[in-house]
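What follows is the content of work_4.pdb (PDB, C-alpha atoms).
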ATOM      1  CA  MET A   1       0.608 -35.271  -4.116
ATOM      2  CA  VAL A   2      -2.137 -35.260  -1.512
ATOM      3  CA  THR A   3      -2.768 -33.769   1.906
ATOM      4  CA  GLU A   4      -5.337 -36.343   3.055
ATOM      5  CA  LEU A   5      -4.729 -40.084   3.237
ATOM      6  CA  PRO A   6      -7.845 -42.258   3.442
ATOM      7  CA  GLU A   7      -7.510 -45.482   5.424
ATOM      8  CA  GLY A   8      -6.705 -48.397   3.121
ATOM      9  CA  ALA A   9      -5.528 -46.138   0.304
ATOM     10  CA  ALA A  10      -2.887 -47.626  -1.939
ATOM     11  CA  VAL A  11       0.230 -45.590  -2.649
ATOM     12  CA  SER A  12       3.374 -46.300  -4.573
ATOM     13  CA  ALA A  13       6.852 -45.101  -5.347
ATOM     14  CA  PRO A  14       7.312 -46.083  -8.995
ATOM     15  CA  GLU A  15       9.861 -48.863  -9.482
ATOM     16  CA  LEU A  16      10.369 -49.052  -5.715
ATOM     17  CA  ALA A  17       7.334 -50.165  -3.698
ATOM     18  CA  THR A  18       3.558 -50.165  -3.248
ATOM     19  CA  TRP A  19       1.773 -50.179   0.110
ATOM     20  CA  ARG A  20      -1.548 -49.398   1.838
ATOM     21  CA  PHE A  21      -2.209 -47.135   4.800
ATOM     22  CA  ALA A  22      -3.647 -48.794   7.887
ATOM     23  CA  ASP A  23      -3.827 -45.718  10.141
ATOM     24  CA  PRO A  24      -2.927 -42.659   8.058
ATOM     25  CA  GLN A  25      -1.957 -39.448   9.817
ATOM     26  CA  THR A  26      -0.548 -36.306   8.288
ATOM     27  CA  ARG A  27       0.320 -32.836   9.444
ATOM     28  CA  LEU A  28       0.454 -31.475   5.910
ATOM     29  CA  THR A  29      -2.406 -29.107   5.160
ATOM     30  CA  PRO A  30      -3.165 -27.632   1.739
ATOM     31  CA  GLU A  31      -1.841 -24.287   3.031
ATOM     32  CA  LEU A  32       1.452 -25.822   4.196
ATOM     33  CA  LEU A  33       1.856 -27.654   0.896
ATOM     34  CA  LEU A  34       1.382 -24.422  -1.066
ATOM     35  CA  ALA A  35       3.848 -22.625   1.200
ATOM     36  CA  GLU A  36       6.442 -25.347   0.558
ATOM     37  CA  ILE A  37       5.842 -25.117  -3.192
ATOM     38  CA  ARG A  38       6.213 -21.322  -3.113
ATOM     39  CA  ALA A  39       9.446 -21.609  -1.111
ATOM     40  CA  THR A  40      10.837 -24.134  -3.595
ATOM     41  CA  VAL A  41       9.937 -21.935  -6.567
ATOM     42  CA  ASP A  42      11.600 -18.950  -4.861
ATOM     43  CA  ARG A  43      14.723 -20.990  -4.106
ATOM     44  CA  LEU A  44      14.927 -22.337  -7.688
ATOM     45  CA  ASN A  45      14.597 -18.787  -9.033
ATOM     46  CA  GLN A  46      17.261 -17.566  -6.595
ATOM     47  CA  ARG A  47      14.808 -15.275  -4.814
ATOM     48  CA  PRO A  48      14.535 -14.915  -1.039
ATOM     49  CA  ASP A  49      12.046 -17.344   0.502
ATOM     50  CA  SER A  50       9.625 -16.350   3.269
ATOM     51  CA  THR A  51      12.370 -16.576   5.902
ATOM     52  CA  GLY A  52      14.670 -14.385   3.838
ATOM     53  CA  ARG A  53      11.902 -11.840   3.231
ATOM     54  CA  CYS A  54      11.063 -11.786   6.939
ATOM     55  CA  LEU A  55      14.692 -11.276   7.966
ATOM     56  CA  ALA A  56      15.076  -8.482   5.399
ATOM     57  CA  ALA A  57      11.959  -6.759   6.771
ATOM     58  CA  VAL A  58      13.320  -6.995  10.331
ATOM     59  CA  ASP A  59      16.687  -5.605   9.201
ATOM     60  CA  THR A  60      14.881  -2.725   7.473
ATOM     61  CA  TYR A  61      12.924  -1.983  10.650
ATOM     62  CA  LEU A  62      16.034  -2.114  12.842
ATOM     63  CA  ALA A  63      17.784   0.349  10.512
ATOM     64  CA  ASP A  64      14.760   2.704  10.348
ATOM     65  CA  ARG A  65      12.223   2.215  13.148
ATOM     66  CA  THR A  66       9.080   3.579  11.537
ATOM     67  CA  GLU A  67       5.542   2.299  12.042
ATOM     68  CA  GLU A  68       5.435   1.329   8.354
ATOM     69  CA  ASN A  69       8.605  -0.752   8.665
ATOM     70  CA  LEU A  70       7.321  -2.321  11.884
ATOM     71  CA  ALA A  71       4.075  -3.300  10.149
ATOM     72  CA  ALA A  72       6.062  -4.810   7.272
ATOM     73  CA  ALA A  73       8.224  -6.789   9.708
ATOM     74  CA  ARG A  74       5.069  -8.087  11.352
ATOM     75  CA  GLY A  75       3.700  -9.063   7.941
ATOM     76  CA  ARG A  76       0.815  -6.604   8.157
ATOM     77  CA  THR A  77       1.224  -4.580   5.002
ATOM     78  CA  GLY A  78      -1.365  -3.666   2.407
TER
END
Take the structure in this file and express it as structure tokens.
Amino acid sequence: MVTELPEGAAVSAPELATWRFADPQTRLTPELLLAEIRATVDRLNQRPDSTGRCLAAVDTYLADRTEENLAAARGRTG
């Protein structure tokens, strides 16, 4: 798996196809790739992903509107 595709690079899908990139473009950054991997690991382990954690933090803040809960909902905790 890569996040950069050099022009002319050969790629393949085993037992399916091989091709070369003429004008490669990607929006996948290393940070986005890691975030996707973390989300998949969370999902496979039946844990809330980042969306689930965010929604839980917002629910907590709405139930108890403290500065600490607001900071957690904004993702600005220790």
(request) Measuring atom to atom with only C-alpha atoms, identify which of A:Asp49, A:Asp59, A:Glu67, A:Asp23 is nearest to A:Ala35. (result)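 Smallest distance to A:Ala35 is found for A:Asp49.
Considering the residues A:Leu44, A:Pro24, A:Gly75, A:Ala9 and counting only C-alpha atoms, A:Ala56 has its shortest atom-to-atom contact with A:Gly75.
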(request) Counting all atoms listed in the file, figure out which residue out of A:Val41, A:Ala13, A:Leu70, A:Ala22 gets nearest to A:Val58. (result)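 Closest to A:Val58, using all atoms listed in the file: A:Leu70.
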(request) Find the distance between atom CA of A:Cys54 and atom CA of A:Ala73 and write it in Å to one decimal. (result)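 Rounded to one decimal, the two atoms are 6.4 Å apart.
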(message) One decimal, in Å: what's the spacing between atom CA of A:Ile37 and atom CA of A:Tyr61?
(response)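 One can read the atom CA of A:Ile37 to atom CA of A:Tyr61 distance as 27.9 Å.
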(message) Can you measure atom CA of A:Glu4 to atom CA of A:Pro30 for me? One decimal in Å is fine.
(response)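 Straight-line distance from atom CA of A:Glu4 to atom CA of A:Pro30 works out to 9.1 Å.
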Could you work out an axis-aligned box for stretch 37-50 of chain A, taking every atom the file lists and adding 3 Å on each side, and report centre and edge lengths in Å to one decimal, as lines of an AutoDock Vina configuration file?
center_x = 11.6
center_y = -20.0
center_z = -2.9
size_x = 17.4
size_y = 16.2
size_z = 18.3
(request) List the residues matched by the PyMOL selection byres ((chain A and resi 3) around 6) in the displayed structure as a PyMOL selection string, ordered by chain and then by residue number. (result) chain A and resi 2+4+28-29
(request) Name the residues captured by the PyMOL selection byres ((chain A and resi 57) around 12) when it is applied to the shown file; answer as a list in words. (result)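 So the PyMOL selection byres ((chain A and resi 57) around 12), applied here, picks out Pro48, Ser50, Thr51, Gly52, Arg53, Cys54, Leu55, Ala56, Val58, Asp59, Thr60, Tyr61, Leu62, Ala63, Asp64, Arg65, Thr66, Glu68, Asn69, Leu70, Ala71, Ala72, Ala73, Arg74, Gly75, Arg76 and Thr77 of chain A.
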